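This report refers to the structure that appears directly beneath it.
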Amino acid sequence: MKRRDALKLIAGAAALPALYSQDLFALGRQIHQQLGSATAPKTLNPHQNATISAIAEMIIPATDTPGAKAARVPEFIDLILTEWCTGDDCGQFINGLAETDARSRKIFGKDFVGCDPQQQTELLTALDEELTQLREANVRGRPHASAARREVETPVERNFFYVMKRLTLIGYYTSEVGWTKELGRPPVHMGPYQGCVPLADAPGKTNAS
Amino acid sequence: MPANTYDAIVIGSGMTGGWAAKELGQKGLNTLVLEAGRSIDPAKDYCEHVPTWGVKFRGLRDRRKELKTQPIQRTCYACDEWAAKFFVNDLENPYTTPADKPFSFIRGRHVGGRSIMWGRQTYRWSDLDFEANAREGIGVDWPIRYADIAPWYDYVEEFAGISGQAENLPQLPDGRFLPPMAMNCAEVVVKDAIATTWPGERLMTIGRCAILTRPHNGRMACHYCGECHRGCISRAYFSSLNATLPVALATGKVTLRPYSIVHGLNYDGQTGRVTGVRVIDAQTRQALEYRAKVIFLCASTLESARILLNSPTSQFPNGLANSSGELGHNLMDHAMGSGASGMIPGYEGKIDVGERPNGIYVPRFRNVKTKSPFLRGYGYQGGAGRSDWERGENLAGFGVEFKRSLKKPGPWHFDMGSFCECLPDHNNYVELDRSHTDAWGVPILKINCAYGPNEKALLQDAAIAAAEMLAAAGARDIQTFVEDNAPGLAIHEMGTARMGRDPKTSVLNAYNQAHDVKNLFITDGACMASSSCVNPSITYMALTARACHYAVEQMKRGEI
């Protein structure tokens, strides 16, 4: 089912065949461990890194579960900028970051990271509202465009805060911390498929009150 | 027996090559299976249980690499960050097209072929399909009818294990089904609405698929991890690697040789038979030859045509077994990418548990009992689900409340997309482009293929009819879509060596045997004389088993 949410995995494993008691997740763990401790960013300078770390943590803050920084979202964003972006993607993002600082200086006389939490929230709220307006002005840009047209970015996809939010969510919810601690799901579903059960019986999706 | 000589050679180890290997091996033939690509070791290569944090780009794929080496393959949904290794390098495997006729040639070159990454949907053809060409005077008449293939559907289904729900529809015959998978809450809503609104005309059933819902023939039942295209260590879905090849190799009669690129067949003009194959070892580049009494070409629709086109002889200057001039012609795929989506209200307190690797199916209803202004019809695949955290990128908000809201599942959405029958057309064809070669020096294909007005009319109609059904189900925010996809993307390419009754207008007879060369059989998608609208693999499997049975009978009688 290609259109289903590919990353949606939920609990329900009961008795599993002996095969699965073996270390099937070893590979994933190993790769994760190879990341080692936090590495210095390759594309972002220390100031830029501090700025995206602050914004990521504001999007997904630590609550009773870890937030974006603990899930190493900033490292993920730096990886995307360093090894994934093409064309002017990276430059566009860096520009968006600089523009955020410029706005911050204009309004508050300080870079974003130098602002107090209330000022930061004010600025991020403005960015988010602008993104909402952009979204409403460009409804349904591409969900079912042909393959060739999907390659062309929509105005929303070029928006700095859209990219920042998207990368924060991906970096967070696809991390081991985000997946297992925040969403409460096992790495892989192993059990029967049940088509229609009460949320309370579906571990991992219910613990949001 | 002299060195490099076998009773049978099977070219290709995928969906049909695996079946040919199993059938011929079980019937006692010394069989050589030649696979162009590498070996796959399930213990090392399958990766369906690697979590998203186990891949470098967290599911966003190695974009720079794929743009460079897999610009075509990357358009396939299954060529993801985990499974990209099961798709070819486009630089090593080029093809050309006219500038105004793009074609998406999605390929795997390894033991198991595309049976590793296939969509696993399995639907029988009916006489509505087999009789269509004759009834409408399009292409050539199929030399077989449903009664000829029905026992072979039974045969391959019993081995492969097909889950599904019997519906007693004449246009979509029931099979030997394992228990069906369940529909989820929102799917049941849509199913009931369709049944109520179009009784006796339209219905929705759970997808029929080659996935085990209980243990079967030594393979385990599905545990719903949901990522079949990355492999399946429990062997719950059918692939040649999971099912047919192990049985074939266990006969002790079958030899599997990977890295063996067949680029031509040898033909003896005196006897009118093929005598063997010309091979390039993909690793050493050494030229090799193997001989056999009978050859099964199971290299895939386009590759099988390429091998024959690259084997001209004085008797067949335009490609081996091509006295009809139809070799390479009548290429079809299923036109796909139109349909509708919408939100299904209600059931906020319910969810589905597990990643069901299967969806729903709406069988063809156009031109079955009613008459439409276009020919043939389409079926839909799709399903319902609740959106997850990914929806956050399109929602306003950030912070504690935003995080809390993303922990809950979003609303139910339902998507359905059509697969439309493609008419056979002599003007859709492949030819050899001798000015270019692949990484092993073999001339490449030039593919000339475009959809015509009938396919486009089907796509348009399917979008509207899908919206009607969602509206009947009370869906909200219904959107129709008609994508402008190039042929090939459904990865159901077929035709190029069609079966038929007349050697003057077809390449193969009713048993997939070349009219011109009695010991040559082509049992992959190349053999198809029309395309139906259903996923074709189970039909290729049935035709392969049937052709193997026939070939061995003919050998016993001394005819081959």
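The way I read the labels, and the way they are meant: chains A, B, ... in the order of the structure tokens, residue 1 as the first residue of every chain, and ligand 1 as the first ligand shown, with later ones counted on from there.
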
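Residues with any atom within 12 Å of Ala71 in chain A, counting only C-alpha atoms and excluding same-chain neighbours fewer than 5 positions away, are His32, Ser37, Ala38, Ser53, Ala56, Glu57, Ile60, Pro61, Ala62, Thr65, Pro66, Phe76, Ile77, Thr168, Leu169, Ile170, Gly171, Tyr172, Tyr173, Thr174, Ser175, Glu176, Val177, Gly178, Trp179, Thr180, Lys181 and Glu182 of chain A; Trp53 of chain B.
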
Please save N, CA and C atoms of the selected residues as a PDB file, in the first residue's frame.
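Result went into selection-v8.pdb, see below:
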```pdb
ATOM      1  N   HIS A  32      22.981   3.313  14.375  1.00  0.00           N
ATOM      2  CA  HIS A  32      22.676   4.419  15.254  1.00  0.00           C
ATOM      3  C   HIS A  32      23.847   4.703  16.178  1.00  0.00           C
ATOM      4  N   SER A  37      28.863  10.192  19.607  1.00  0.00           N
ATOM      5  CA  SER A  37      28.408  11.394  20.282  1.00  0.00           C
ATOM      6  C   SER A  37      28.290  12.522  19.258  1.00  0.00           C
ATOM      7  N   ALA A  38      27.638  13.564  19.675  1.00  0.00           N
ATOM      8  CA  ALA A  38      27.353  14.661  18.760  1.00  0.00           C
ATOM      9  C   ALA A  38      28.609  15.122  18.032  1.00  0.00           C
ATOM     10  N   SER A  53      18.934  24.861  16.440  1.00  0.00           N
ATOM     11  CA  SER A  53      18.687  24.049  17.642  1.00  0.00           C
ATOM     12  C   SER A  53      17.589  24.675  18.479  1.00  0.00           C
ATOM     13  N   ALA A  56      14.209  24.282  16.575  1.00  0.00           N
ATOM     14  CA  ALA A  56      13.748  22.888  16.598  1.00  0.00           C
ATOM     15  C   ALA A  56      13.171  22.533  17.956  1.00  0.00           C
ATOM     16  N   GLU A  57      13.849  22.994  19.000  1.00  0.00           N
ATOM     17  CA  GLU A  57      13.381  22.684  20.357  1.00  0.00           C
ATOM     18  C   GLU A  57      12.078  23.422  20.670  1.00  0.00           C
ATOM     19  N   ILE A  60       9.387  21.183  18.762  1.00  0.00           N
ATOM     20  CA  ILE A  60       9.167  19.959  19.545  1.00  0.00           C
ATOM     21  C   ILE A  60       9.969  20.072  20.838  1.00  0.00           C
ATOM     22  N   PRO A  61       9.363  20.665  21.872  1.00  0.00           N
ATOM     23  CA  PRO A  61      10.106  20.849  23.129  1.00  0.00           C
ATOM     24  C   PRO A  61      10.147  19.574  23.966  1.00  0.00           C
ATOM     25  N   ALA A  62      11.102  19.548  24.892  1.00  0.00           N
ATOM     26  CA  ALA A  62      11.114  18.454  25.870  1.00  0.00           C
ATOM     27  C   ALA A  62       9.892  18.623  26.760  1.00  0.00           C
ATOM     28  N   THR A  65       8.626  13.671  27.701  1.00  0.00           N
ATOM     29  CA  THR A  65       9.541  12.913  26.835  1.00  0.00           C
ATOM     30  C   THR A  65      10.557  13.891  26.267  1.00  0.00           C
ATOM     31  N   PRO A  66      11.687  13.365  25.771  1.00  0.00           N
ATOM     32  CA  PRO A  66      12.723  14.261  25.249  1.00  0.00           C
ATOM     33  C   PRO A  66      12.227  15.094  24.070  1.00  0.00           C
ATOM     34  N   PHE A  76      20.722  16.050  12.326  1.00  0.00           N
ATOM     35  CA  PHE A  76      20.020  15.561  11.143  1.00  0.00           C
ATOM     36  C   PHE A  76      19.874  16.685  10.117  1.00  0.00           C
ATOM     37  N   ILE A  77      19.510  17.870  10.586  1.00  0.00           N
ATOM     38  CA  ILE A  77      19.343  18.990   9.654  1.00  0.00           C
ATOM     39  C   ILE A  77      20.674  19.324   8.988  1.00  0.00           C
ATOM     40  N   THR A 168      12.426  19.159  11.251  1.00  0.00           N
ATOM     41  CA  THR A 168      12.367  18.902  12.697  1.00  0.00           C
ATOM     42  C   THR A 168      11.472  17.699  12.993  1.00  0.00           C
ATOM     43  N   LEU A 169      10.306  17.659  12.353  1.00  0.00           N
ATOM     44  CA  LEU A 169       9.382  16.545  12.597  1.00  0.00           C
ATOM     45  C   LEU A 169       9.991  15.223  12.139  1.00  0.00           C
ATOM     46  N   ILE A 170      10.590  15.227  10.953  1.00  0.00           N
ATOM     47  CA  ILE A 170      11.188  13.976  10.455  1.00  0.00           C
ATOM     48  C   ILE A 170      12.340  13.562  11.367  1.00  0.00           C
ATOM     49  N   GLY A 171      13.208  14.536  11.659  1.00  0.00           N
ATOM     50  CA  GLY A 171      14.354  14.210  12.501  1.00  0.00           C
ATOM     51  C   GLY A 171      13.933  13.691  13.869  1.00  0.00           C
ATOM     52  N   TYR A 172      12.834  14.222  14.374  1.00  0.00           N
ATOM     53  CA  TYR A 172      12.389  13.816  15.708  1.00  0.00           C
ATOM     54  C   TYR A 172      11.646  12.483  15.694  1.00  0.00           C
ATOM     55  N   TYR A 173      10.598  12.409  14.890  1.00  0.00           N
ATOM     56  CA  TYR A 173       9.727  11.220  14.972  1.00  0.00           C
ATOM     57  C   TYR A 173      10.348   9.974  14.333  1.00  0.00           C
ATOM     58  N   THR A 174      11.358  10.129  13.502  1.00  0.00           N
ATOM     59  CA  THR A 174      12.034   8.942  12.979  1.00  0.00           C
ATOM     60  C   THR A 174      13.279   8.588  13.784  1.00  0.00           C
ATOM     61  N   SER A 175      13.527   9.337  14.855  1.00  0.00           N
ATOM     62  CA  SER A 175      14.635   8.955  15.739  1.00  0.00           C
ATOM     63  C   SER A 175      14.143   7.857  16.679  1.00  0.00           C
ATOM     64  N   GLU A 176      15.071   7.147  17.251  1.00  0.00           N
ATOM     65  CA  GLU A 176      14.683   6.080  18.177  1.00  0.00           C
ATOM     66  C   GLU A 176      13.927   6.671  19.379  1.00  0.00           C
ATOM     67  N   VAL A 177      14.407   7.829  19.833  1.00  0.00           N
ATOM     68  CA  VAL A 177      13.761   8.489  20.968  1.00  0.00           C
ATOM     69  C   VAL A 177      12.332   8.907  20.619  1.00  0.00           C
ATOM     70  N   GLY A 178      12.187   9.578  19.487  1.00  0.00           N
ATOM     71  CA  GLY A 178      10.865  10.068  19.090  1.00  0.00           C
ATOM     72  C   GLY A 178       9.891   8.927  18.863  1.00  0.00           C
ATOM     73  N   TRP A 179      10.393   7.903  18.236  1.00  0.00           N
ATOM     74  CA  TRP A 179       9.534   6.777  17.878  1.00  0.00           C
ATOM     75  C   TRP A 179       9.126   5.951  19.097  1.00  0.00           C
ATOM     76  N   THR A 180      10.105   5.578  19.887  1.00  0.00           N
ATOM     77  CA  THR A 180       9.801   4.639  20.979  1.00  0.00           C
ATOM     78  C   THR A 180       9.364   5.355  22.256  1.00  0.00           C
ATOM     79  N   LYS A 181       9.952   6.528  22.545  1.00  0.00           N
ATOM     80  CA  LYS A 181       9.601   7.207  23.801  1.00  0.00           C
ATOM     81  C   LYS A 181       8.372   8.104  23.620  1.00  0.00           C
ATOM     82  N   GLU A 182       8.388   8.955  22.607  1.00  0.00           N
ATOM     83  CA  GLU A 182       7.260   9.872  22.441  1.00  0.00           C
ATOM     84  C   GLU A 182       6.027   9.148  21.884  1.00  0.00           C
TER      85      GLU A 182
ATOM     86  N   TRP B  53      15.474   4.972  11.851  1.00  0.00           N
ATOM     87  CA  TRP B  53      16.717   5.572  12.362  1.00  0.00           C
ATOM     88  C   TRP B  53      17.928   4.706  12.001  1.00  0.00           C
TER      89      TRP B  53
END
```

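Compared by their closest atoms to chain A, and using only C-alpha atoms, the residues B:Arg257, B:Arg74, B:Arg120, B:Arg404 rank with B:Arg404 nearest.
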
Exercise: range 117-122 of chain A partners within 9 Å, only C-alpha atoms, chain neighbours under 2 positions left out, as an mmCIF file with C-alpha atoms, in the first residue's frame:
```
data_model
loop_
_atom_site.group_PDB
_atom_site.id
_atom_site.type_symbol
_atom_site.label_atom_id
_atom_site.label_comp_id
_atom_site.auth_asym_id
_atom_site.auth_seq_id
_atom_site.Cartn_x
_atom_site.Cartn_y
_atom_site.Cartn_z
ATOM 1 C CA ILE A 55 13.913 26.713 16.762
ATOM 2 C CA MET A 58 10.611 25.274 20.223
ATOM 3 C CA SER A 104 14.821 39.564 15.041
ATOM 4 C CA PHE A 108 14.165 43.254 19.160
ATOM 5 C CA PHE A 112 17.166 35.145 17.436
ATOM 6 C CA VAL A 113 19.255 33.186 19.945
ATOM 7 C CA GLY A 114 19.829 36.338 21.967
ATOM 8 C CA CYS A 115 16.121 36.992 22.409
ATOM 9 C CA LEU A 124 8.123 32.006 15.489
ATOM 10 C CA THR A 125 4.393 32.689 15.721
ATOM 11 C CA ALA A 126 4.772 35.278 12.980
ATOM 12 C CA LEU A 127 6.715 32.831 10.789
#
```

### Task
Provide as an MDAnalysis selection string the residues of chain B at most 7 Å from chain A, counting only C-alpha atoms.
chainID B and resid 49:54 58 62:64 75 77 182:185 223:225 349:359 385 387:388 393 396:400 403:404 407:409 481 483:485

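Taking the backbone of this structure through DSSP, the residues of range 171-261 of chain B that come out as strand (DSSP E) are Phe177, Leu178, Thr205, Ile206, Val254, Thr255, Leu256, Arg257, Ser260 and Ile261 of chain B.
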
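Interatomic distance, CA of Thr82 in chain A to CA of Ala54 in chain A: 19.6 Å.
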
### Task
Write out as an NGL selection string each polymer residue whose atoms come within 10 Å of Gln48 in chain A, counting only C-alpha atoms; drop sequence neighbours fewer than 4 positions from it.
:A and (41 or 43-44 or 52-54 or 94 or 97-98 or 101 or 113)

### Query
What lies within 6 Å of range 360-376 of chain B using only C-alpha atoms, ignoring chain neighbours under 5 positions off, as a PyMOL selection string?
chain B and resi 202-207+381-383

### Task
Determine, counting only C-alpha atoms, which protein, DNA and RNA residues have an atom within 8 Å of an atom of range 313-323 of chain B; residues of the same chain fewer than 4 positions away are not included. Present the result as a list in words.
Tyr267, Gly269, Leu308, Leu309, Leu327, Pro503, Lys504, Val507, Ala514, His515, Asp516 and Val517 of chain B
